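Colleague: Next comes coords-v2.json, JSON, C-alpha atoms:
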```json
[["chain", "number", "residue", "atom", "x", "y", "z"],
["A", 1, "MET", "CA", 12.37, -6.95, 3.93],
["A", 2, "LYS", "CA", 15.81, -5.83, 2.73],
["A", 3, "LYS", "CA", 17.87, -3.92, 5.28],
["A", 4, "LEU", "CA", 21.57, -3.22, 5.75],
["A", 5, "ILE", "CA", 21.60, -4.69, 9.24],
["A", 6, "ASN", "CA", 22.97, -7.65, 11.16],
["A", 7, "ALA", "CA", 20.26, -8.40, 13.71],
["A", 8, "PRO", "CA", 17.21, -6.16, 14.36],
["A", 9, "GLU", "CA", 17.90, -6.03, 18.10],
["A", 10, "ASP", "CA", 21.43, -4.66, 17.50],
["A", 11, "VAL", "CA", 20.60, -1.89, 15.03],
["A", 12, "LEU", "CA", 20.78, 1.04, 17.48],
["A", 13, "VAL", "CA", 24.04, 0.17, 19.23],
["A", 14, "GLU", "CA", 25.77, -0.82, 16.00],
["A", 15, "SER", "CA", 24.62, 2.42, 14.38],
["A", 16, "LEU", "CA", 25.95, 4.43, 17.33],
["A", 17, "LYS", "CA", 29.30, 2.66, 16.95],
["A", 18, "GLY", "CA", 29.38, 3.94, 13.38],
["A", 19, "VAL", "CA", 28.56, 7.46, 14.52],
["A", 20, "ALA", "CA", 31.46, 7.35, 16.98],
["A", 21, "LEU", "CA", 33.89, 6.17, 14.29],
["A", 22, "ALA", "CA", 32.68, 8.67, 11.69],
["A", 23, "HIS", "CA", 32.56, 11.75, 13.95],
["A", 24, "PRO", "CA", 35.52, 12.29, 16.27],
["A", 25, "GLU", "CA", 34.03, 15.67, 17.20],
["A", 26, "LEU", "CA", 31.34, 13.72, 19.08],
["A", 27, "SER", "CA", 31.45, 11.50, 22.17],
["A", 28, "VAL", "CA", 29.14, 8.46, 22.09],
["A", 29, "ASP", "CA", 28.22, 6.46, 25.20],
["A", 30, "LEU", "CA", 27.13, 3.04, 23.99],
["A", 31, "GLU", "CA", 25.64, 2.10, 27.37],
["A", 32, "THR", "CA", 23.33, 5.10, 27.80],
["A", 33, "HIS", "CA", 22.90, 5.82, 24.05],
["A", 34, "VAL", "CA", 23.87, 9.44, 24.67],
["A", 35, "ILE", "CA", 25.75, 11.55, 22.12],
["A", 36, "THR", "CA", 27.56, 14.65, 23.39],
["A", 37, "ARG", "CA", 30.04, 17.19, 22.11],
["A", 38, "ALA", "CA", 33.58, 15.88, 22.53],
["A", 39, "GLU", "CA", 34.58, 19.41, 23.56],
["A", 40, "PRO", "CA", 31.80, 20.81, 25.76],
["A", 41, "LYS", "CA", 30.80, 24.46, 25.60],
["A", 42, "ALA", "CA", 32.15, 26.87, 28.20],
["A", 43, "GLN", "CA", 31.06, 26.68, 31.83],
["A", 44, "GLY", "CA", 28.25, 29.06, 32.67],
["A", 45, "LYS", "CA", 26.25, 28.55, 29.49],
["A", 46, "VAL", "CA", 22.83, 26.91, 29.12],
["A", 47, "ALA", "CA", 22.94, 23.40, 27.67],
["A", 48, "ILE", "CA", 20.44, 22.13, 25.09],
["A", 49, "VAL", "CA", 19.34, 18.47, 25.24],
["A", 50, "SER", "CA", 16.91, 16.60, 23.02],
["A", 51, "GLY", "CA", 16.21, 13.06, 21.97],
["A", 52, "GLY", "CA", 13.58, 10.46, 21.22],
["A", 53, "GLY", "CA", 13.15, 7.23, 19.39],
["A", 54, "SER", "CA", 15.67, 6.33, 16.69],
["A", 55, "GLY", "CA", 14.69, 6.06, 13.05],
["A", 56, "HIS", "CA", 14.41, 9.82, 12.47],
["A", 57, "GLU", "CA", 18.07, 10.44, 11.58],
["A", 58, "PRO", "CA", 19.73, 12.89, 11.36],
["A", 59, "LEU", "CA", 17.42, 13.97, 14.22],
["A", 60, "HIS", "CA", 18.65, 14.17, 16.99],
["A", 61, "GLY", "CA", 22.23, 12.96, 17.16],
["A", 62, "GLY", "CA", 23.13, 14.61, 13.86],
["A", 63, "TYR", "CA", 22.45, 18.00, 15.43],
["A", 64, "VAL", "CA", 24.87, 17.71, 18.33],
["A", 65, "GLY", "CA", 27.56, 20.33, 17.88],
["A", 66, "VAL", "CA", 28.51, 23.96, 18.32],
["A", 67, "GLY", "CA", 25.44, 26.15, 18.10],
["A", 68, "MET", "CA", 22.84, 23.41, 18.40],
["A", 69, "LEU", "CA", 22.51, 20.49, 20.81],
["A", 70, "ASP", "CA", 24.94, 19.71, 23.60],
["A", 71, "ALA", "CA", 23.56, 16.20, 23.98],
["A", 72, "ALA", "CA", 21.07, 13.87, 22.33],
["A", 73, "VAL", "CA", 19.73, 10.61, 23.71],
["A", 74, "ALA", "CA", 18.54, 7.85, 21.40],
["A", 75, "GLY", "CA", 15.78, 5.41, 22.24],
["A", 76, "GLU", "CA", 15.19, 2.22, 20.33],
["A", 77, "VAL", "CA", 13.50, 2.63, 16.95],
["A", 78, "PHE", "CA", 10.33, 4.71, 17.42],
["A", 79, "THR", "CA", 10.59, 4.20, 21.20],
["A", 80, "SER", "CA", 11.20, 6.92, 23.77],
["A", 81, "PRO", "CA", 14.49, 6.81, 25.68],
["A", 82, "THR", "CA", 14.08, 5.87, 29.34],
["A", 83, "PRO", "CA", 14.17, 8.54, 32.08],
["A", 84, "ASP", "CA", 17.54, 7.38, 33.42],
["A", 85, "ARG", "CA", 19.11, 7.80, 29.98],
["A", 86, "VAL", "CA", 17.58, 11.24, 29.53],
["A", 87, "GLN", "CA", 18.93, 12.11, 32.97],
["A", 88, "ALA", "CA", 22.37, 10.86, 31.90],
["A", 89, "ALA", "CA", 22.25, 13.16, 28.85],
["A", 90, "THR", "CA", 21.18, 16.06, 31.06],
["A", 91, "LYS", "CA", 24.03, 15.53, 33.51],
["A", 92, "ALA", "CA", 26.57, 15.10, 30.71],
["A", 93, "ALA", "CA", 25.48, 18.35, 29.04],
["A", 94, "ASP", "CA", 25.07, 20.58, 32.11],
["A", 95, "ARG", "CA", 27.58, 23.43, 32.32],
["A", 96, "GLY", "CA", 26.22, 24.99, 35.50],
["A", 97, "ALA", "CA", 23.63, 27.35, 33.97],
["A", 98, "GLY", "CA", 20.71, 24.98, 33.56],
["A", 99, "VAL", "CA", 19.50, 22.73, 30.76],
["A", 100, "LEU", "CA", 16.72, 23.10, 28.20],
["A", 101, "HIS", "CA", 14.91, 19.90, 27.20],
["A", 102, "ILE", "CA", 13.43, 20.00, 23.69],
["A", 103, "VAL", "CA", 10.71, 17.35, 23.63],
["A", 104, "LYS", "CA", 8.53, 16.29, 20.71],
["A", 105, "ASN", "CA", 4.91, 15.89, 21.78],
["A", 106, "TYR", "CA", 4.61, 12.14, 22.04],
["A", 107, "THR", "CA", 3.26, 10.68, 25.27],
["A", 108, "GLY", "CA", 6.28, 8.50, 26.04],
["A", 109, "ASP", "CA", 8.77, 11.29, 25.35],
["A", 110, "VAL", "CA", 6.83, 13.83, 27.44],
["A", 111, "LEU", "CA", 6.51, 11.50, 30.44],
["A", 112, "ASN", "CA", 10.10, 10.26, 30.35],
["A", 113, "PHE", "CA", 11.61, 13.73, 29.94],
["A", 114, "GLU", "CA", 9.42, 14.99, 32.81],
["A", 115, "MET", "CA", 10.73, 12.23, 35.06],
["A", 116, "ALA", "CA", 14.29, 12.93, 33.99],
["A", 117, "ALA", "CA", 13.86, 16.62, 34.76],
["A", 118, "GLU", "CA", 12.65, 15.75, 38.25],
["A", 119, "LEU", "CA", 15.64, 13.46, 38.78],
["A", 120, "ALA", "CA", 18.01, 16.16, 37.55],
["A", 121, "SER", "CA", 16.47, 18.78, 39.83],
["A", 122, "MET", "CA", 17.11, 16.49, 42.80],
["A", 123, "GLU", "CA", 20.80, 16.72, 41.86],
["A", 124, "GLY", "CA", 20.71, 20.49, 41.66],
["A", 125, "ILE", "CA", 20.35, 20.87, 37.88],
["A", 126, "GLU", "CA", 17.71, 23.39, 36.80],
["A", 127, "VAL", "CA", 15.77, 22.14, 33.78],
["A", 128, "GLY", "CA", 13.43, 24.06, 31.48],
["A", 129, "THR", "CA", 11.27, 22.32, 28.91],
["A", 130, "VAL", "CA", 9.57, 23.10, 25.62],
["A", 131, "VAL", "CA", 7.18, 20.56, 24.12],
["A", 132, "VAL", "CA", 7.10, 20.91, 20.33],
["A", 133, "ASP", "CA", 3.59, 20.46, 18.88],
["A", 134, "ASP", "CA", 3.65, 21.91, 15.38],
["A", 135, "ASP", "CA", 1.77, 19.28, 13.33],
["A", 136, "VAL", "CA", -1.53, 20.68, 12.02],
["A", 137, "ALA", "CA", -2.66, 17.37, 10.50],
["A", 138, "VAL", "CA", -4.45, 15.88, 13.52],
["A", 139, "GLN", "CA", -5.34, 17.06, 17.00],
["A", 140, "ASP", "CA", -4.68, 13.70, 18.67],
["A", 141, "SER", "CA", -2.96, 10.56, 17.37],
["A", 142, "LEU", "CA", -2.00, 7.05, 18.40],
["A", 143, "TYR", "CA", 1.04, 8.51, 20.18],
["A", 144, "THR", "CA", -0.11, 11.88, 21.50],
["A", 145, "ALA", "CA", -2.56, 13.96, 23.43],
["A", 146, "GLY", "CA", -2.65, 17.10, 21.33],
["A", 147, "ARG", "CA", -0.67, 17.85, 18.23],
["A", 148, "ARG", "CA", 2.43, 15.86, 17.28],
["A", 149, "GLY", "CA", 5.91, 17.36, 17.34],
["A", 150, "VAL", "CA", 7.56, 17.10, 13.93],
["A", 151, "GLY", "CA", 9.65, 19.25, 11.57],
["A", 152, "LEU", "CA", 9.71, 22.46, 13.62],
["A", 153, "THR", "CA", 11.94, 20.58, 16.07],
["A", 154, "VAL", "CA", 14.86, 20.95, 13.66],
["A", 155, "LEU", "CA", 14.46, 24.71, 13.27],
["A", 156, "LEU", "CA", 13.94, 25.20, 16.99],
["A", 157, "GLU", "CA", 17.11, 23.31, 17.88],
["A", 158, "LYS", "CA", 19.11, 25.56, 15.57],
["A", 159, "ILE", "CA", 17.64, 28.80, 16.91],
["A", 160, "VAL", "CA", 17.73, 28.10, 20.65],
["A", 161, "GLY", "CA", 21.11, 26.43, 20.28],
["A", 162, "ALA", "CA", 22.52, 29.67, 18.93],
["A", 163, "ALA", "CA", 20.91, 31.63, 21.78],
["A", 164, "ALA", "CA", 22.48, 29.35, 24.37],
["A", 165, "GLU", "CA", 25.85, 29.49, 22.62],
["A", 166, "GLU", "CA", 25.92, 33.28, 22.80],
["A", 167, "GLY", "CA", 25.24, 33.19, 26.54],
["A", 168, "GLN", "CA", 21.51, 33.85, 27.03],
["A", 169, "ASP", "CA", 20.27, 32.56, 30.39],
["A", 170, "LEU", "CA", 17.86, 29.68, 30.90],
["A", 171, "ALA", "CA", 14.76, 31.84, 31.32],
["A", 172, "ALA", "CA", 15.49, 33.66, 28.07],
["A", 173, "VAL", "CA", 16.23, 30.44, 26.17],
["A", 174, "VAL", "CA", 13.02, 28.80, 27.44],
["A", 175, "ALA", "CA", 10.95, 31.85, 26.49],
["A", 176, "LEU", "CA", 12.53, 31.89, 23.03],
["A", 177, "ALA", "CA", 11.83, 28.18, 22.55],
["A", 178, "GLN", "CA", 8.19, 28.64, 23.50],
["A", 179, "ARG", "CA", 7.85, 31.61, 21.15],
["A", 180, "VAL", "CA", 9.37, 29.70, 18.23],
["A", 181, "ASN", "CA", 7.09, 26.75, 18.93],
["A", 182, "GLY", "CA", 4.10, 29.08, 18.74],
["A", 183, "GLN", "CA", 5.23, 30.56, 15.43],
["A", 184, "GLY", "CA", 5.75, 27.35, 13.42],
["A", 185, "ARG", "CA", 3.49, 24.78, 11.79],
["A", 186, "SER", "CA", 4.09, 21.57, 9.81],
["A", 187, "MET", "CA", 2.26, 18.93, 7.81],
["A", 188, "GLY", "CA", 3.45, 15.77, 6.04],
["A", 189, "MET", "CA", 2.42, 13.07, 3.59],
["A", 190, "ALA", "CA", 3.53, 9.59, 2.59],
["A", 191, "LEU", "CA", 3.83, 7.67, -0.66],
["A", 192, "THR", "CA", 4.88, 4.48, 1.15],
["A", 193, "SER", "CA", 4.95, 3.11, 4.65],
["A", 194, "CYS", "CA", 8.15, 2.63, 6.62],
["A", 195, "THR", "CA", 9.47, -0.73, 7.83],
["A", 196, "VAL", "CA", 10.61, -1.03, 11.43],
["A", 197, "PRO", "CA", 13.53, -3.52, 11.53],
["A", 198, "ALA", "CA", 12.06, -5.52, 14.42],
["A", 199, "ALA", "CA", 8.71, -5.86, 12.64],
["A", 200, "GLY", "CA", 10.15, -6.89, 9.30],
["A", 201, "LYS", "CA", 7.16, -5.62, 7.32],
["A", 202, "PRO", "CA", 5.60, -2.24, 6.44],
["A", 203, "THR", "CA", 3.78, -0.51, 9.29],
["A", 204, "PHE", "CA", 0.71, -0.02, 7.11],
["A", 205, "ASP", "CA", -0.42, -1.08, 3.66],
["A", 206, "LEU", "CA", -0.49, 1.70, 1.09],
["A", 207, "PRO", "CA", -1.25, 0.65, -2.50],
["A", 208, "ASP", "CA", 0.93, 2.01, -5.30],
["A", 209, "ASP", "CA", -1.85, 4.27, -6.57],
["A", 210, "GLN", "CA", -2.65, 5.78, -3.15],
["A", 211, "MET", "CA", -1.07, 8.36, -0.84],
["A", 212, "GLU", "CA", -1.61, 9.23, 2.82],
["A", 213, "ILE", "CA", -2.07, 12.91, 3.71],
["A", 214, "GLY", "CA", -1.19, 14.12, 7.20],
["A", 215, "ILE", "CA", 1.00, 11.27, 8.42],
["A", 216, "GLY", "CA", 3.23, 11.35, 11.50],
["A", 217, "ILE", "CA", 6.89, 10.39, 11.73],
["A", 218, "HIS", "CA", 6.19, 6.95, 13.23],
["A", 219, "GLY", "CA", 4.00, 5.69, 10.44],
["A", 220, "GLU", "CA", 0.81, 6.92, 12.10],
["A", 221, "PRO", "CA", -2.14, 7.34, 9.76],
["A", 222, "GLY", "CA", -2.96, 10.82, 8.58],
["A", 223, "ARG", "CA", -6.11, 12.78, 7.85],
["A", 224, "HIS", "CA", -7.12, 10.69, 4.89],
["A", 225, "ARG", "CA", -5.98, 8.45, 2.05],
["A", 226, "GLU", "CA", -6.63, 9.30, -1.57],
["A", 227, "PRO", "CA", -5.43, 8.54, -5.11],
["A", 228, "LEU", "CA", -1.91, 9.63, -5.97],
["A", 229, "ALA", "CA", -1.90, 13.20, -7.32],
["A", 230, "PRO", "CA", 0.58, 15.54, -9.05],
["A", 231, "ALA", "CA", 3.15, 17.32, -6.88],
["A", 232, "SER", "CA", 1.32, 20.63, -7.30],
["A", 233, "ASP", "CA", -1.80, 19.18, -5.69],
["A", 234, "ILE", "CA", 0.18, 17.50, -2.91],
["A", 235, "ALA", "CA", 1.89, 20.81, -2.13],
["A", 236, "ARG", "CA", -1.47, 22.54, -1.93],
["A", 237, "GLN", "CA", -2.80, 19.92, 0.48],
["A", 238, "LEU", "CA", 0.18, 20.47, 2.78],
["A", 239, "VAL", "CA", 0.42, 24.25, 2.57],
["A", 240, "GLU", "CA", -3.25, 25.21, 2.84],
["A", 241, "PRO", "CA", -3.81, 23.66, 6.31],
["A", 242, "ILE", "CA", -0.65, 25.37, 7.56],
["A", 243, "LEU", "CA", -1.80, 28.77, 6.31],
["A", 244, "ALA", "CA", -5.29, 28.18, 7.68],
["A", 245, "ASP", "CA", -3.88, 27.58, 11.16],
["A", 246, "LEU", "CA", -1.70, 30.70, 11.53],
["A", 247, "ASP", "CA", -1.19, 34.03, 9.77],
["A", 248, "PHE", "CA", 2.22, 33.66, 8.13],
["A", 249, "ALA", "CA", 2.20, 36.90, 6.10],
["A", 250, "GLY", "CA", 5.68, 38.38, 6.19],
["A", 251, "PRO", "CA", 9.15, 36.82, 6.50],
["A", 252, "ALA", "CA", 9.39, 33.07, 7.08],
["A", 253, "ILE", "CA", 11.83, 30.18, 7.25],
["A", 254, "VAL", "CA", 10.58, 27.22, 5.22],
["A", 255, "MET", "CA", 11.68, 23.60, 5.26],
["A", 256, "VAL", "CA", 10.71, 20.94, 2.73],
["A", 257, "ASN", "CA", 11.79, 17.74, 4.41],
["A", 258, "GLY", "CA", 12.17, 14.23, 3.04],
["A", 259, "MET", "CA", 10.81, 11.33, 5.07],
["A", 260, "GLY", "CA", 13.83, 9.12, 4.35],
["A", 261, "ALA", "CA", 13.35, 7.58, 0.90],
["A", 262, "THR", "CA", 12.46, 10.56, -1.28],
["A", 263, "PRO", "CA", 15.21, 11.61, -3.73],
["A", 264, "GLN", "CA", 16.50, 15.15, -3.63],
["A", 265, "ILE", "CA", 15.29, 15.87, -7.16],
["A", 266, "GLU", "CA", 11.70, 15.35, -5.97],
["A", 267, "LEU", "CA", 12.22, 17.45, -2.85],
["A", 268, "TYR", "CA", 13.45, 20.40, -4.90],
["A", 269, "LEU", "CA", 10.49, 19.99, -7.24],
["A", 270, "MET", "CA", 8.19, 20.08, -4.20],
["A", 271, "TYR", "CA", 10.00, 23.13, -2.84],
["A", 272, "ALA", "CA", 9.25, 25.03, -6.04],
["A", 273, "GLU", "CA", 5.55, 24.20, -5.69],
["A", 274, "VAL", "CA", 5.50, 25.10, -2.00],
["A", 275, "ALA", "CA", 7.35, 28.36, -2.56],
["A", 276, "ALA", "CA", 4.88, 29.46, -5.25],
["A", 277, "LEU", "CA", 1.91, 28.79, -2.96],
["A", 278, "LEU", "CA", 3.46, 30.60, -0.01],
["A", 279, "GLU", "CA", 4.52, 33.62, -2.02],
["A", 280, "ALA", "CA", 1.03, 33.90, -3.50],
["A", 281, "ALA", "CA", -0.28, 34.01, 0.07],
["A", 282, "GLY", "CA", 2.06, 36.86, 1.05],
["A", 283, "VAL", "CA", 4.69, 34.74, 2.79],
["A", 284, "GLN", "CA", 8.24, 35.96, 2.10],
["A", 285, "ILE", "CA", 10.68, 33.05, 2.24],
["A", 286, "VAL", "CA", 13.89, 34.49, 3.68],
["A", 287, "ARG", "CA", 15.66, 31.23, 4.61],
["A", 288, "ASN", "CA", 15.06, 27.63, 3.56],
["A", 289, "LEU", "CA", 16.05, 24.01, 4.07],
["A", 290, "VAL", "CA", 15.45, 21.28, 1.48],
["A", 291, "GLY", "CA", 16.52, 17.73, 2.32],
["A", 292, "ASN", "CA", 16.21, 14.89, 4.82],
["A", 293, "TYR", "CA", 16.27, 16.48, 8.28],
["A", 294, "ILE", "CA", 13.65, 14.53, 10.28],
["A", 295, "THR", "CA", 12.85, 11.17, 8.72],
["A", 296, "SER", "CA", 10.75, 8.08, 9.26],
["A", 297, "LEU", "CA", 13.19, 5.28, 8.39],
["A", 298, "ASP", "CA", 12.59, 4.36, 4.73],
["A", 299, "MET", "CA", 9.28, 6.14, 4.20],
["A", 300, "ALA", "CA", 8.82, 7.91, 0.88],
["A", 301, "GLY", "CA", 7.10, 11.25, 1.23],
["A", 302, "CYS", "CA", 7.73, 14.74, 2.52],
["A", 303, "SER", "CA", 6.69, 17.35, 5.03],
["A", 304, "VAL", "CA", 6.49, 21.13, 4.97],
["A", 305, "THR", "CA", 7.38, 23.39, 7.91],
["A", 306, "VAL", "CA", 6.80, 27.15, 7.98],
["A", 307, "LEU", "CA", 8.16, 29.39, 10.75],
["A", 308, "LYS", "CA", 7.34, 33.08, 11.16],
["A", 309, "ALA", "CA", 10.73, 34.77, 11.22],
["A", 310, "ASP", "CA", 10.99, 37.83, 13.44],
["A", 311, "ASP", "CA", 14.23, 39.80, 13.68],
["A", 312, "GLU", "CA", 15.54, 37.83, 16.68],
["A", 313, "VAL", "CA", 14.83, 34.48, 15.02],
["A", 314, "LEU", "CA", 16.68, 35.53, 11.87],
["A", 315, "ARG", "CA", 19.63, 36.92, 13.83],
["A", 316, "LEU", "CA", 20.03, 33.64, 15.68],
["A", 317, "TRP", "CA", 19.49, 31.57, 12.53],
["A", 318, "ASP", "CA", 22.37, 33.44, 10.91],
["A", 319, "SER", "CA", 24.63, 33.10, 13.96],
["A", 320, "PRO", "CA", 28.16, 32.38, 12.68],
["A", 321, "VAL", "CA", 28.55, 29.14, 14.62],
["A", 322, "VAL", "CA", 29.26, 25.94, 12.72],
["A", 323, "THR", "CA", 27.44, 22.70, 13.41],
["A", 324, "PRO", "CA", 29.10, 19.51, 12.12],
["A", 325, "GLY", "CA", 27.26, 17.56, 9.48],
["A", 326, "LEU", "CA", 24.66, 20.16, 8.54],
["A", 327, "ARG", "CA", 24.22, 22.11, 5.31],
["A", 328, "TRP", "CA", 21.96, 25.06, 6.00],
["A", 329, "GLY", "CA", 19.97, 26.67, 3.20],
["A", 330, "ALA", "CA", 20.59, 30.17, 1.93]]
```
Once you've parsed the file, please lay out its structure as structure tokens.
Modeller:
Amino acid sequence: MKKLINAPEDVLVESLKGVALAHPELSVDLETHVITRAEPKAQGKVAIVSGGGSGHEPLHGGYVGVGMLDAAVAGEVFTSPTPDRVQAATKAADRGAGVLHIVKNYTGDVLNFEMAAELASMEGIEVGTVVVDDDVAVQDSLYTAGRRGVGLTVLLEKIVGAAAEEGQDLAAVVALAQRVNGQGRSMGMALTSCTVPAAGKPTFDLPDDQMEIGIGIHGEPGRHREPLAPASDIARQLVEPILADLDFAGPAIVMVNGMGATPQIELYLMYAEVAALLEAAGVQIVRNLVGNYITSLDMAGCSVTVLKADDEVLRLWDSPVVTPGLRWGA
């Protein structure tokens, strides 16, 4: 294993130290592993909090800023943050109008965020929750009951973050989050496994001439393994299950996401294939993202996310707020 690390057990804290040094617009608590905005939003606005295991960067800490998250809490690599740390993020973000928890559907995350919400309510903080479950690849996995939460998380954080920034109340922000979750679907694939620093070896063995279709973001196995195929065939195997799960005819926001080790040239090539398939199916791509937005350490591969874009979703997507560190597609 070759990694740019000192000791596996220090990776998270030492990475957070780097975040603090690189981004003065953020405040980083090295004890609780919570990242917040250095200048909080105005009192009386809903706060948006998310988090989960590390290893998916830039998710979630990279999306703390004006118009997206008010706080993100980082667990150890691929490990849910503890309830007390989620509660610390909730308290740090609260501006007196309630807090929305955005939770990816993994058992540890769901349980720990539920406990944190209960603790926060005991201190007078109203918490709403949306559990993101957009992955069409498998119904249940090693980490979940029900569908996994993957790429739609990024789009949802952008949209509900804008709604909270403009002053919508907690009930409206929760309803919007639930609607967006119901309108988006994702599916991913891998060319290689990822290597968790503490393990020191790939999570699973994937021969050079094979690929895994339908993987999760923790190295979970997918629907099936098969011989490596051209990008056009891979795109079809990702797009067809998404279209089969929901009617996406009409305007849509589309993300082709890298899993951490896929070069941008390949992601743009995949986007061209995905766009052709979607347009042939009557999906009008009105906004897009192409790049590494929710990763799985050093895994090579990609995922596709499609979100039905109603007028409200597009208005919020185009909200003129600026989030540090993000380059949004046209």
Colleague: Excluding A:Ala198 and residues on its chain fewer than 6 positions from it, collect all residues at most 12 Å away from it, counting all atoms listed in the file, and give them as a PyMOL selection string.
Modeller: chain A and resi 1+3+5-12+55+76-79
Colleague: Go ahead and dump the residues you just picked, C-alpha atoms, as a PDB file, in the frame of the given file.
Modeller:
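So out_27.pdb came out as:
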```pdb
ATOM      1  CA  MET A   1      12.370  -6.950   3.930  1.00  0.00           C
ATOM      2  CA  LYS A   3      17.870  -3.920   5.280  1.00  0.00           C
ATOM      3  CA  ILE A   5      21.600  -4.690   9.240  1.00  0.00           C
ATOM      4  CA  ASN A   6      22.970  -7.650  11.160  1.00  0.00           C
ATOM      5  CA  ALA A   7      20.260  -8.400  13.710  1.00  0.00           C
ATOM      6  CA  PRO A   8      17.210  -6.160  14.360  1.00  0.00           C
ATOM      7  CA  GLU A   9      17.900  -6.030  18.100  1.00  0.00           C
ATOM      8  CA  ASP A  10      21.430  -4.660  17.500  1.00  0.00           C
ATOM      9  CA  VAL A  11      20.600  -1.890  15.030  1.00  0.00           C
ATOM     10  CA  LEU A  12      20.780   1.040  17.480  1.00  0.00           C
ATOM     11  CA  GLY A  55      14.690   6.060  13.050  1.00  0.00           C
ATOM     12  CA  GLU A  76      15.190   2.220  20.330  1.00  0.00           C
ATOM     13  CA  VAL A  77      13.500   2.630  16.950  1.00  0.00           C
ATOM     14  CA  PHE A  78      10.330   4.710  17.420  1.00  0.00           C
ATOM     15  CA  THR A  79      10.590   4.200  21.200  1.00  0.00           C
TER      16      THR A  79
END
```
Colleague: Could you pull the residues within 9 Å of A:Val64, counting only C-alpha atoms, minus those fewer than 4 positions along the same chain, as a PyMOL selection string?
Modeller: chain A and resi 26+35-37+49+60+68-72+323-324
Colleague: Write out as a list in words the residues lying within 7 Å of A:Ile159, counting all atoms listed in the file and excluding same-chain residues fewer than 4 positions away.
Modeller: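 Skipping anything fewer than 4 positions along the chain leaves Leu155, Ala163, Val313, Leu316 and Trp317 of chain A.
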Colleague: Save out the residues we just selected, C-alpha atoms, as a PDB file, in the coordinates of the input.
Modeller:
```pdb
ATOM      1  CA  LEU A 155      14.460  24.710  13.270  1.00  0.00           C
ATOM      2  CA  ALA A 163      20.910  31.630  21.780  1.00  0.00           C
ATOM      3  CA  VAL A 313      14.830  34.480  15.020  1.00  0.00           C
ATOM      4  CA  LEU A 316      20.030  33.640  15.680  1.00  0.00           C
ATOM      5  CA  TRP A 317      19.490  31.570  12.530  1.00  0.00           C
TER       6      TRP A 317
END
```
Colleague: Set up a box along x, y and z of the file covering all listed atoms of stretch 142-154 of chain A, add 6 Å on every one of the six sides, and write the centre and edge lengths in Å to one decimal, as JSON.
Modeller:
```
{"center_x": 6.1, "center_y": 14.8, "center_z": 17.5, "size_x": 29.5, "size_y": 27.4, "size_z": 23.9}
```
Colleague: Which protein, DNA or RNA residues have an atom at most 6 Å from (10.1, 30.9, 10.0), counting all atoms listed in the file? List them as JSON, numbers by chain.
Modeller: {"A": [252, 253, 306, 307, 308, 309]}
Colleague: Can you measure atom CA of A:Val34 to atom CA of A:Leu289 for me? One decimal in Å is fine.
Modeller: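 If I compute the distance from atom CA of A:Val34 to atom CA of A:Leu289, I get 26.4 Å.
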Colleague: Compile the contact shell of A:Arg236 as a PyMOL selection string: residues with an atom at most 9 Å away, counting only C-alpha atoms, same-chain residues fewer than 3 positions apart removed.
Modeller: chain A and resi 231-233+239-241+273-274+277
Colleague: Please tell me which residues are no farther than 10 Å from (27.5, 3.6, 18.7) in the file, counting only C-alpha atoms, and write them as a PyMOL selection string.
Modeller: chain A and resi 11-21+27-31+33-35
Colleague: Excluding stretch 164-177 of chain A and its own-chain neighbours fewer than 6 positions away, which residues fall within 7 Å of it when counting all atoms listed in the file? Please give them as a list of chain:residue names.
Modeller: A:Lys45, A:Val46, A:Ala47, A:Gly67, A:Ala97, A:Gly98, A:Leu100, A:Gly128, A:Thr129, A:Val130, A:Leu156
Colleague: For the residues in the current selection, export C-alpha atoms as a PDB file, in the frame of the given file.
Modeller:
```pdb
ATOM      1  CA  LYS A  45      26.250  28.550  29.490  1.00  0.00           C
ATOM      2  CA  VAL A  46      22.830  26.910  29.120  1.00  0.00           C
ATOM      3  CA  ALA A  47      22.940  23.400  27.670  1.00  0.00           C
ATOM      4  CA  GLY A  67      25.440  26.150  18.100  1.00  0.00           C
ATOM      5  CA  ALA A  97      23.630  27.350  33.970  1.00  0.00           C
ATOM      6  CA  GLY A  98      20.710  24.980  33.560  1.00  0.00           C
ATOM      7  CA  LEU A 100      16.720  23.100  28.200  1.00  0.00           C
ATOM      8  CA  GLY A 128      13.430  24.060  31.480  1.00  0.00           C
ATOM      9  CA  THR A 129      11.270  22.320  28.910  1.00  0.00           C
ATOM     10  CA  VAL A 130       9.570  23.100  25.620  1.00  0.00           C
ATOM     11  CA  LEU A 156      13.940  25.200  16.990  1.00  0.00           C
TER      12      LEU A 156
END
```
Colleague: Identify which of the residues A:Gln43, A:Thr305, A:Ser54, A:Gln87 lies closest to A:Met122, counting only C-alpha atoms when measuring atom-to-atom distances.
Modeller: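 Once distances to A:Met122 are computed over only C-alpha atoms, the minimum belongs to A:Gln87.
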Colleague: Which one of A:Val73, A:Cys302, A:Val103, A:Val131 sits closest to A:Ser186 if you count only C-alpha atoms?
Modeller: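 For A:Ser186, the nearest of the given residues is A:Cys302.
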